[in-house]
Every structure is written in structure tokens, then in C-alpha cells.
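Below: the structure, in C-alpha cells.
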Amino acid sequence: MKCYFQALLIGLFVSSRFGEISSSVVKCTKPKGATCVIKSLPTVDSELPDLSKRTTVRILEGSLANLTVKLAEKLPIRILWLEELDIQSVYVAPHFEELRLRNNKLGRLETNPSSSSYALKVLDVSKNLLNNATQLAPLHGLEELYLDENRFTELSMAVFEKMPRLRVLSAARNGLVKLAPPTSALVLNDLTTLSLAHNRLASMSMENWQLPSLQTLLLSDNSLAEVDGLDGFERFFDLQKLELAGNRWSCGWLQHALEKVTIRQSLADSDGTLLDKSTDGTDCSIEKVHGICCSFTTDADDTDGDNGSDASTAPDATKPVVDAFLPVLNRVREAIVQLDQRHEAVRVAQSELLKKLNDTLQHRVEEYTKFLEEQEDESERAHAQAARVLQKVIKLEGAVKRMDSETETVRMKEQERKRLLHFMVDMKNKLLRQAIETDSLWVQANAEKIDYARRLEVASEPSAK
């Protein structure tokens, strides 16, 4: 009896567990569509819905420690959103095209060593725990890569040499202190956006970098004094946005690097490069170049002085000289500010004048266009009237031709009538002559008859006697 109750309890426990598993079937919020949105991911093993006709899966809530090879292969989709799920590792399946993995605990990306081709184009691993970029090396087809707010202290640019289609590379807010140079020339013909802002870079070399399509370059809030191998930002001839504030630029280098760059004066301008400016609260010890704080002495010079024999006295020796020139420098800066204000006022006045001239020119153009339209309308009306007159002329010519034809017909008929009349008169005359001749013959015949009768009478009289 005791064994029977034990078996019954085991059966109830097993049935309850199977009931929990069967009730934890994951479902998409919408039964149809290209995107499957899963509101919550259960903690127990769950059966995935049918994803054969889906292209995107997005999980909104839950917890998933690892995206394993087995689980990834069960996802026949191209786009996968796994954000804020405390994921620690992810297997990148070769068929994935877009992975959104922001705000997890991701420290490792796994790939298949036997696979040489990956379809992945977009990878967003911002706000994670990654510290080694070499695990990205197999992903040669990447077009957008977001590495912001991880734990990279060194970024090897050689990793990106074999990513020729890369368009966006963002590694901001990582605490980077070093960019390892590429093994050869870094040629990224399609790269339009490069962000290395909010790091701890004190030096940077772009000597072997070829970025012909670069439009946005963000280097703000680092410790850069200059960029090695870059004579000027005009090298990036399509550059539209440039952020440099919050560094320790050398004024000489910065002035030279921006010398040939057309700086936009306002957001309304369409030509040139939009350059950020140091905020009003930033302490610019010496000077500004296009609104960017800079200094005529670099940290490298300070470091050399610290290593010399007079390291303890050199700063103290130069400080009185600097203090003596500070009033003059302040007056110069005030004069520069006034000149900038005057320049801005002149620019505004010129802009207003150009606007008025443009409005006047536009008004004149509209009037001329209206006049041309009216002339065109008048010409069209004259052309239509001429066409109507031409049609009437053609009709009149046709009528004249018909009249000429009819006149010719009448003339020919008249000639025929005259010929006929002449023929009739001629015939009449002939008949008259013949009648006269007939009468003459008749008279002659009668005369001969009478003469013949007389002769008969004369001949008969002797015989009677």
C-alpha cells in the first residue's frame, strides 16, 4: 500500500511538471507577419513557435544566459533583437544578418571555426562587457558595427582591414587609450561614420587610413593634441560633421588642420562641415580655433620638461611671463570676439541683402515668366487664328479651282454649242441651195414637159389631115 502511494505521488509530480512545460509554449504577439515579437521569455525551457515564415524575432523581457549553437540553429530568421536580457555569450549563426544585443552582460561572441562565410551586416553590442575586438575578425561582411560603452582599452584597427563594406564604426565611451595601427593600409571605401568620442586617447595615427566616403568624424572628449599622419581634415572631401571639442589640441596643428575646411556658420547652410564648439563653461587657458579650445604648449612639451634636470623650476620660471602677458592676451581675445561679432553682423547684413536681392530677382523672374506665358498665349492665339485663316484660304482655293473647272466646262460647252449652231446654219444653207436647185430643175422639167407636149400636138396634126 505504501508503494502504491509513492508511485501515485511520483505520477502526480511528473504530470504537474509536464503540465508546466506544455503551458510554457512561447507565442508571437501577432499570428502573422514578418516580425515575431515575444513579450516575455519564460525561465523554463520553452517550445519556440513556428518561425519558418518569419524574418525577425524580438524578445522584450526575460532572461537568457547564453544563445547557444543549438538554440541559434533553431532560429531560421535573419534579424534577431535580444536587448536587456542579461546575456553573457552569443553564438553568431552564419545565416544571421542583423543582431541587436544592446544592454546585456555580453563578454563573448562565438563563431563557427569551420565557417568562412557570414551573412551578418549589422551588429549592435553597445552597453556590454566586451574587451577584445579580435573575436569580430571572421565577420567580413559587416556594414554597421556599434561597440559603444564596452570595456575596450585597446582597439586593433587590423580587425577592420577585411571588412570592405563597413559603413558605420562606433566605439564611443569605452575608455580607449590606444588604437593599434593596421598591419597595412586601412582601406574602407564605404565608411561614412567613425566615432571614437568620449575615450582616453592621448595619441592617434591616421597615416595609412583611406576613408574617401567619410561624412561624420567624432573625436570629441579625448586627450588628443594632434592626429598623426593627418595634415588636414580636407582629406575627407565629403566631410559633413566634425566633433573635436574636449581635447588638448595644439593650436598650431588645429589651425593648420582646419585651414582648408569650409566651416558651416549655421545649420541652415548646406555647404561645408558642421563643427562643434567648446561649451561656454570650458576653461580655455590660452586660445580657441573655430570655437575649439587649444593651447600653444602640448602635454608632450610638459612631459619633456618634467624629465629634464630643471623640471622643478621650469614651470615656476615661465609662470610670471605667462601672467605678464595674460592681460594682453585677454584684450586680444576681446578684440577677436568683437571682430567676430562685427563679422557676424556683416554676414547677417549681407545675408539679408542677398535675401532681398534674391527676392527681387525672383519677383522679376516671375514677372518675366508671366510675360513670356502671356506672349506665348498670344502667340498661340495668333497661331490658331492664322491656322483658321489658312484653312479658309485653302477652302477658297478649292472653291476657285472648282469655279475654274466649272468655267472651263461651260466654255467648252459654249464652244460645242457654237460649233453645233454653225453646223446647223451650214446645213440649213445647204438645204436651201438644194431646194433652189430642185425648184430650178422642176421648172426646167415642166418647161420641157410643156415643150414636149406641144411637139406632140404639132406632130399629130398632119397625120390627122
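Each chain of the C-alpha cells is named A, B, ... in the order shown, its residues numbered from 1; ligands are numbered from 1 in display order.
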Skipping near chain neighbours, those fewer than 5 positions away, what residues fall within 12 Å of A:Leu106 using only C-alpha atoms, listed as a ChimeraX atom specification? /A:64-67,82-91,100-101,124-132,147,149-151
Restrict the selected residues to C-alpha atoms and save them as an mmCIF file, in the first residue's frame.
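File result30.cif, as written:
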```cif
data_model
loop_
_atom_site.group_PDB
_atom_site.id
_atom_site.type_symbol
_atom_site.label_atom_id
_atom_site.label_comp_id
_atom_site.auth_asym_id
_atom_site.auth_seq_id
_atom_site.Cartn_x
_atom_site.Cartn_y
_atom_site.Cartn_z
ATOM 1 C CA LEU A 64 18.679 34.304 -21.260
ATOM 2 C CA ALA A 65 22.180 33.430 -20.092
ATOM 3 C CA ASN A 66 23.580 32.195 -23.392
ATOM 4 C CA LEU A 67 22.488 32.000 -27.013
ATOM 5 C CA LEU A 82 17.908 40.359 -27.745
ATOM 6 C CA GLU A 83 18.239 43.541 -25.672
ATOM 7 C CA GLU A 84 18.336 43.807 -21.853
ATOM 8 C CA LEU A 85 18.170 40.040 -21.270
ATOM 9 C CA ASP A 86 21.412 39.622 -19.232
ATOM 10 C CA ILE A 87 23.006 37.546 -21.998
ATOM 11 C CA GLN A 88 26.629 36.590 -21.333
ATOM 12 C CA SER A 89 27.590 34.881 -24.595
ATOM 13 C CA VAL A 90 26.117 34.686 -28.080
ATOM 14 C CA TYR A 91 26.737 32.287 -30.918
ATOM 15 C CA ARG A 100 20.746 43.753 -31.788
ATOM 16 C CA LEU A 101 22.326 42.887 -28.412
ATOM 17 C CA ASP A 124 24.968 46.315 -32.184
ATOM 18 C CA VAL A 125 26.688 45.243 -28.953
ATOM 19 C CA SER A 126 26.587 48.613 -27.163
ATOM 20 C CA LYS A 127 26.469 48.679 -23.347
ATOM 21 C CA ASN A 128 28.071 45.293 -22.730
ATOM 22 C CA LEU A 129 31.270 43.864 -21.248
ATOM 23 C CA LEU A 130 33.333 43.167 -24.371
ATOM 24 C CA ASN A 131 37.063 43.914 -24.154
ATOM 25 C CA ASN A 132 38.583 42.093 -27.133
ATOM 26 C CA LEU A 147 30.784 48.911 -29.902
ATOM 27 C CA GLU A 149 30.061 51.624 -23.866
ATOM 28 C CA ASN A 150 32.006 48.396 -23.514
ATOM 29 C CA ARG A 151 35.348 47.750 -21.802
#
```
Polymer residues at most 10 Å from A:Pro94, only C-alpha atoms, same-chain spacing of 3 or more positions, as a list in words: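 Close residues of A:Pro94: Ala72, Glu73, Arg78, Tyr91, Glu97, Thr111, Asn112, Ser115, Ser116, Ser117, Tyr118, Ala119, Leu120 and Leu139 of chain A.
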Would you output that residue set with all heavy atoms, as a CSV table (one decimal), in the first residue's frame?
```
chain,number,residue,atom,x,y,z
A,72,ALA,N,20.5,28.8,-31.5
A,72,ALA,CA,20.7,29.7,-32.7
A,72,ALA,C,20.3,28.9,-33.9
A,72,ALA,O,19.7,29.5,-34.8
A,72,ALA,CB,22.1,30.2,-32.8
A,73,GLU,N,20.6,27.6,-34.0
A,73,GLU,CA,20.2,26.9,-35.2
A,73,GLU,C,18.7,26.6,-35.3
A,73,GLU,O,18.2,26.3,-36.4
A,73,GLU,CB,21.0,25.6,-35.2
A,73,GLU,CG,22.5,25.7,-35.5
A,73,GLU,CD,23.2,24.4,-35.4
A,73,GLU,OE1,22.6,23.4,-35.0
A,73,GLU,OE2,24.4,24.4,-35.8
A,78,ARG,N,16.5,36.1,-40.0
A,78,ARG,CA,17.6,36.9,-40.4
A,78,ARG,C,18.0,38.0,-39.4
A,78,ARG,O,19.1,38.4,-39.3
A,78,ARG,CB,17.4,37.5,-41.8
A,78,ARG,CG,17.2,36.5,-42.9
A,78,ARG,CD,17.1,37.1,-44.2
A,78,ARG,NE,15.8,37.7,-44.4
A,78,ARG,CZ,15.5,39.0,-44.5
A,78,ARG,NH1,16.5,39.8,-44.4
A,78,ARG,NH2,14.3,39.4,-44.7
A,91,TYR,N,26.2,33.0,-29.7
A,91,TYR,CA,26.7,32.3,-30.9
A,91,TYR,C,26.2,33.0,-32.2
A,91,TYR,O,25.0,33.1,-32.3
A,91,TYR,CB,26.3,30.8,-30.9
A,91,TYR,CG,26.7,30.1,-32.2
A,91,TYR,CD1,28.0,29.8,-32.5
A,91,TYR,CD2,25.7,29.8,-33.1
A,91,TYR,CE1,28.3,29.1,-33.7
A,91,TYR,CE2,26.0,29.1,-34.3
A,91,TYR,CZ,27.3,28.8,-34.6
A,91,TYR,OH,27.7,28.2,-35.8
A,97,GLU,N,21.7,38.1,-40.3
A,97,GLU,CA,22.0,39.3,-41.0
A,97,GLU,C,22.1,40.5,-40.1
A,97,GLU,O,22.8,41.5,-40.4
A,97,GLU,CB,21.1,39.5,-42.1
A,97,GLU,CG,21.1,38.4,-43.2
A,97,GLU,CD,20.2,38.8,-44.4
A,97,GLU,OE1,19.7,39.9,-44.5
A,97,GLU,OE2,20.0,37.9,-45.2
A,111,THR,N,31.8,32.1,-32.8
A,111,THR,CA,31.6,31.8,-34.2
A,111,THR,C,32.0,30.4,-34.5
A,111,THR,O,32.7,29.8,-33.7
A,111,THR,CB,32.4,32.8,-35.1
A,111,THR,OG1,33.8,32.7,-34.7
A,111,THR,CG2,31.9,34.2,-34.9
A,112,ASN,N,31.6,29.9,-35.6
A,112,ASN,CA,32.0,28.6,-36.0
A,112,ASN,C,33.3,28.6,-36.8
A,112,ASN,O,33.4,29.2,-37.8
A,112,ASN,CB,30.9,28.0,-36.9
A,112,ASN,CG,31.1,26.5,-37.3
A,112,ASN,OD1,32.1,25.9,-36.9
A,112,ASN,ND2,30.1,25.9,-37.9
A,115,SER,N,33.3,27.7,-40.5
A,115,SER,CA,32.5,28.5,-41.4
A,115,SER,C,33.4,29.7,-41.8
A,115,SER,O,34.0,30.4,-41.0
A,115,SER,CB,31.2,29.0,-40.7
A,115,SER,OG,30.5,29.8,-41.6
A,116,SER,N,33.4,29.9,-43.2
A,116,SER,CA,34.2,31.0,-43.7
A,116,SER,C,33.4,32.1,-44.2
A,116,SER,O,33.9,33.1,-44.7
A,116,SER,CB,35.1,30.5,-44.8
A,116,SER,OG,34.3,29.9,-45.9
A,117,SER,N,32.1,32.0,-44.2
A,117,SER,CA,31.2,33.0,-44.7
A,117,SER,C,30.0,33.3,-43.7
A,117,SER,O,29.4,32.4,-43.3
A,117,SER,CB,30.6,32.5,-46.0
A,117,SER,OG,29.6,33.4,-46.5
A,118,TYR,N,29.9,34.6,-43.4
A,118,TYR,CA,28.8,35.0,-42.5
A,118,TYR,C,28.0,36.1,-43.2
A,118,TYR,O,28.5,37.0,-43.9
A,118,TYR,CB,29.4,35.6,-41.2
A,118,TYR,CG,30.0,34.5,-40.3
A,118,TYR,CD1,31.3,34.1,-40.4
A,118,TYR,CD2,29.2,34.0,-39.3
A,118,TYR,CE1,31.8,33.1,-39.6
A,118,TYR,CE2,29.7,33.0,-38.4
A,118,TYR,CZ,31.0,32.6,-38.6
A,118,TYR,OH,31.5,31.6,-37.8
A,119,ALA,N,26.7,36.0,-43.0
A,119,ALA,CA,25.8,37.0,-43.7
A,119,ALA,C,25.6,38.2,-42.8
A,119,ALA,O,24.9,39.1,-43.3
A,119,ALA,CB,24.4,36.3,-44.0
A,120,LEU,N,26.2,38.3,-41.7
A,120,LEU,CA,25.9,39.4,-40.7
A,120,LEU,C,26.3,40.7,-41.3
A,120,LEU,O,27.5,40.9,-41.7
A,120,LEU,CB,26.7,39.1,-39.4
A,120,LEU,CG,26.2,40.0,-38.2
A,120,LEU,CD1,24.7,39.7,-37.9
A,120,LEU,CD2,27.1,39.8,-37.0
A,139,LEU,N,33.8,38.2,-39.2
A,139,LEU,CA,32.6,38.8,-39.7
A,139,LEU,C,33.0,39.9,-40.8
A,139,LEU,O,32.9,41.1,-40.6
A,139,LEU,CB,31.8,39.5,-38.5
A,139,LEU,CG,31.6,38.6,-37.3
A,139,LEU,CD1,30.9,39.4,-36.2
A,139,LEU,CD2,30.7,37.4,-37.7
```
Give the strand (DSSP E) residues of stretch 238-298 of chain A, as assigned by DSSP on the backbone, as a count of residues only. 14
Check the DSSP output for the backbone and give back, as number ranges by chain, the residues of stretch 221-465 of chain A in alpha helix (DSSP H). A: 251-257, 299-307, 314-464
Calculate how many Å separate atom CA of A:Ala386 from atom CA of A:Met403, rounding to one decimal.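 Going from atom CA of A:Ala386 over to atom CA of A:Met403 covers 24.9 Å.
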Name the residues in contact with A:Gln265 at a cut-off of 10 Å, using only C-alpha atoms, excluding same-chain residues fewer than 5 positions from it; report them as a PyMOL selection string. chain A and resi 270-275+344+347
Could you save the residues just selected, with N, CA and C atoms, as a compact mmCIF listing (two decimals), in the first residue's frame?
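Okay, this is what ended up in out.txt:
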```txt
# COMPACT_ATOMS: atom_id res chain seq x y z
N SER A 270 24.00 74.74 -46.32
CA SER A 270 24.03 73.40 -46.92
C SER A 270 25.44 72.96 -47.29
N ASP A 271 26.35 73.91 -47.46
CA ASP A 271 27.71 73.58 -47.87
C ASP A 271 28.65 73.66 -46.67
N GLY A 272 29.67 72.81 -46.70
CA GLY A 272 30.68 72.86 -45.67
C GLY A 272 30.51 71.80 -44.62
N THR A 273 31.36 71.90 -43.58
CA THR A 273 31.39 70.91 -42.48
C THR A 273 30.84 71.54 -41.22
N LEU A 274 29.95 70.84 -40.54
CA LEU A 274 29.40 71.30 -39.27
C LEU A 274 30.37 70.94 -38.15
N LEU A 275 30.93 71.96 -37.49
CA LEU A 275 31.95 71.76 -36.46
C LEU A 275 31.37 72.11 -35.10
N GLU A 344 30.10 88.72 -37.84
CA GLU A 344 28.78 88.08 -37.84
C GLU A 344 27.70 89.07 -38.25
N ARG A 347 28.01 89.58 -41.86
CA ARG A 347 27.50 88.40 -42.55
C ARG A 347 25.97 88.38 -42.53
```
Could you pull the residues within 8 Å of A:Ala185, counting only C-alpha atoms, minus those fewer than 6 positions along the same chain, as an MDAnalysis selection string? chainID A and resid 161 208:210
Hey, can you spit out that residue selection with N, CA, C and O atoms as a short mmCIF file (atom, residue, chain, number, x, y, z; two decimals), in the first residue's frame?
```
data_model
loop_
_atom_site.label_atom_id
_atom_site.label_comp_id
_atom_site.auth_asym_id
_atom_site.auth_seq_id
_atom_site.Cartn_x
_atom_site.Cartn_y
_atom_site.Cartn_z
N GLU A 161 40.44 45.61 -41.38
CA GLU A 161 41.04 45.61 -42.71
C GLU A 161 40.26 44.74 -43.69
O GLU A 161 40.20 45.04 -44.89
N ASN A 208 47.92 55.68 -42.51
CA ASN A 208 47.62 54.71 -43.58
C ASN A 208 46.12 54.46 -43.70
O ASN A 208 45.73 53.38 -44.13
N TRP A 209 45.32 55.43 -43.34
CA TRP A 209 43.87 55.25 -43.42
C TRP A 209 43.36 55.91 -44.70
O TRP A 209 43.66 57.07 -44.98
N GLN A 210 42.57 55.17 -45.44
CA GLN A 210 41.94 55.68 -46.66
C GLN A 210 40.42 55.57 -46.50
O GLN A 210 39.86 54.48 -46.60
#
```
Among listed residues A:Ala93, A:Val289, A:Val443, A:Leu214, nearest A:Gly252 (using only C-alpha atoms): A:Val289
Neighbour list for A:Glu144 as a tab-separated table (two decimals) with all heavy atoms, in the first residue's frame, cut-off 8 Å, only C-alpha atoms, skip fewer than 2 positions in-chain:
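Saved to around11.tsv:
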```
chain	number	residue	atom	x	y	z
A	121	LYS	N	25.36	41.68	-41.32
A	121	LYS	CA	25.62	43.03	-41.83
A	121	LYS	C	25.58	44.08	-40.73
A	121	LYS	O	26.32	45.07	-40.80
A	121	LYS	CB	24.58	43.39	-42.90
A	121	LYS	CG	24.63	42.50	-44.13
A	121	LYS	CD	23.55	42.90	-45.13
A	121	LYS	CE	23.59	42.01	-46.36
A	121	LYS	NZ	22.52	42.38	-47.33
A	122	VAL	N	24.71	43.89	-39.72
A	122	VAL	CA	24.56	44.88	-38.65
A	122	VAL	C	24.76	44.17	-37.31
A	122	VAL	O	24.10	43.16	-37.04
A	122	VAL	CB	23.17	45.55	-38.69
A	122	VAL	CG1	23.03	46.55	-37.55
A	122	VAL	CG2	22.95	46.24	-40.03
A	123	LEU	N	25.67	44.71	-36.50
A	123	LEU	CA	25.92	44.16	-35.18
A	123	LEU	C	25.97	45.32	-34.19
A	123	LEU	O	26.82	46.22	-34.28
A	123	LEU	CB	27.25	43.40	-35.15
A	123	LEU	CG	27.67	42.83	-33.78
A	123	LEU	CD1	26.63	41.84	-33.26
A	123	LEU	CD2	29.05	42.18	-33.85
A	124	ASP	N	25.03	45.29	-33.22
A	124	ASP	CA	24.97	46.32	-32.18
A	124	ASP	C	25.18	45.63	-30.84
A	124	ASP	O	24.29	44.92	-30.34
A	124	ASP	CB	23.62	47.03	-32.22
A	124	ASP	CG	23.56	48.22	-31.26
A	124	ASP	OD1	24.52	48.40	-30.48
A	124	ASP	OD2	22.57	48.96	-31.29
A	142	LEU	N	30.36	42.77	-42.39
A	142	LEU	CA	29.71	43.79	-41.57
A	142	LEU	C	29.64	45.12	-42.31
A	142	LEU	O	30.59	45.55	-42.96
A	142	LEU	CB	30.47	43.98	-40.26
A	142	LEU	CG	30.16	42.98	-39.14
A	142	LEU	CD1	31.05	43.24	-37.93
A	142	LEU	CD2	28.70	43.06	-38.72
A	146	TYR	N	28.46	48.66	-33.90
A	146	TYR	CA	28.31	49.56	-32.76
A	146	TYR	C	28.93	48.89	-31.53
A	146	TYR	O	28.41	47.89	-31.02
A	146	TYR	CB	26.84	49.87	-32.51
A	146	TYR	CG	26.15	50.49	-33.72
A	146	TYR	CD1	25.48	49.68	-34.65
A	146	TYR	CD2	26.18	51.85	-33.93
A	146	TYR	CE1	24.86	50.24	-35.77
A	146	TYR	CE2	25.55	52.42	-35.05
A	146	TYR	CZ	24.90	51.61	-35.95
A	146	TYR	OH	24.29	52.16	-37.05
A	166	LEU	N	32.16	48.04	-44.63
A	166	LEU	CA	31.82	48.71	-43.38
A	166	LEU	C	31.44	50.17	-43.65
A	166	LEU	O	32.20	50.92	-44.26
A	166	LEU	CB	33.00	48.63	-42.41
A	166	LEU	CG	32.69	48.94	-40.93
A	166	LEU	CD1	31.69	47.95	-40.37
A	166	LEU	CD2	33.97	48.92	-40.11
A	167	ARG	N	30.26	50.58	-43.19
A	167	ARG	CA	29.78	51.95	-43.37
A	167	ARG	C	29.76	52.74	-42.07
A	167	ARG	O	29.97	53.95	-42.08
A	167	ARG	CB	28.38	51.95	-43.99
A	167	ARG	CG	28.32	51.42	-45.41
A	167	ARG	CD	26.93	51.57	-46.02
A	167	ARG	NE	25.97	50.66	-45.39
A	167	ARG	CZ	25.04	51.04	-44.53
A	167	ARG	NH1	24.92	52.30	-44.19
A	167	ARG	NH2	24.19	50.16	-44.00
A	168	VAL	N	29.51	52.07	-40.95
A	168	VAL	CA	29.43	52.74	-39.65
A	168	VAL	C	30.30	51.97	-38.66
A	168	VAL	O	30.15	50.75	-38.51
A	168	VAL	CB	27.98	52.80	-39.12
A	168	VAL	CG1	27.94	53.45	-37.74
A	168	VAL	CG2	27.10	53.57	-40.10
A	169	LEU	N	31.22	52.68	-38.00
A	169	LEU	CA	32.05	52.11	-36.94
A	169	LEU	C	32.00	53.07	-35.76
A	169	LEU	O	32.49	54.20	-35.85
A	169	LEU	CB	33.49	51.91	-37.41
A	169	LEU	CG	34.48	51.44	-36.34
A	169	LEU	CD1	34.03	50.13	-35.71
A	169	LEU	CD2	35.88	51.29	-36.92
```
What separates atom CA of A:Glu47 and atom CA of A:Glu98 is a distance of 23.1 Å
Rank nothing, just name the residue among A:Glu457, A:Asp148, A:Glu207, A:Glu397 nearest to A:Leu176, using only C-alpha atoms. A:Asp148
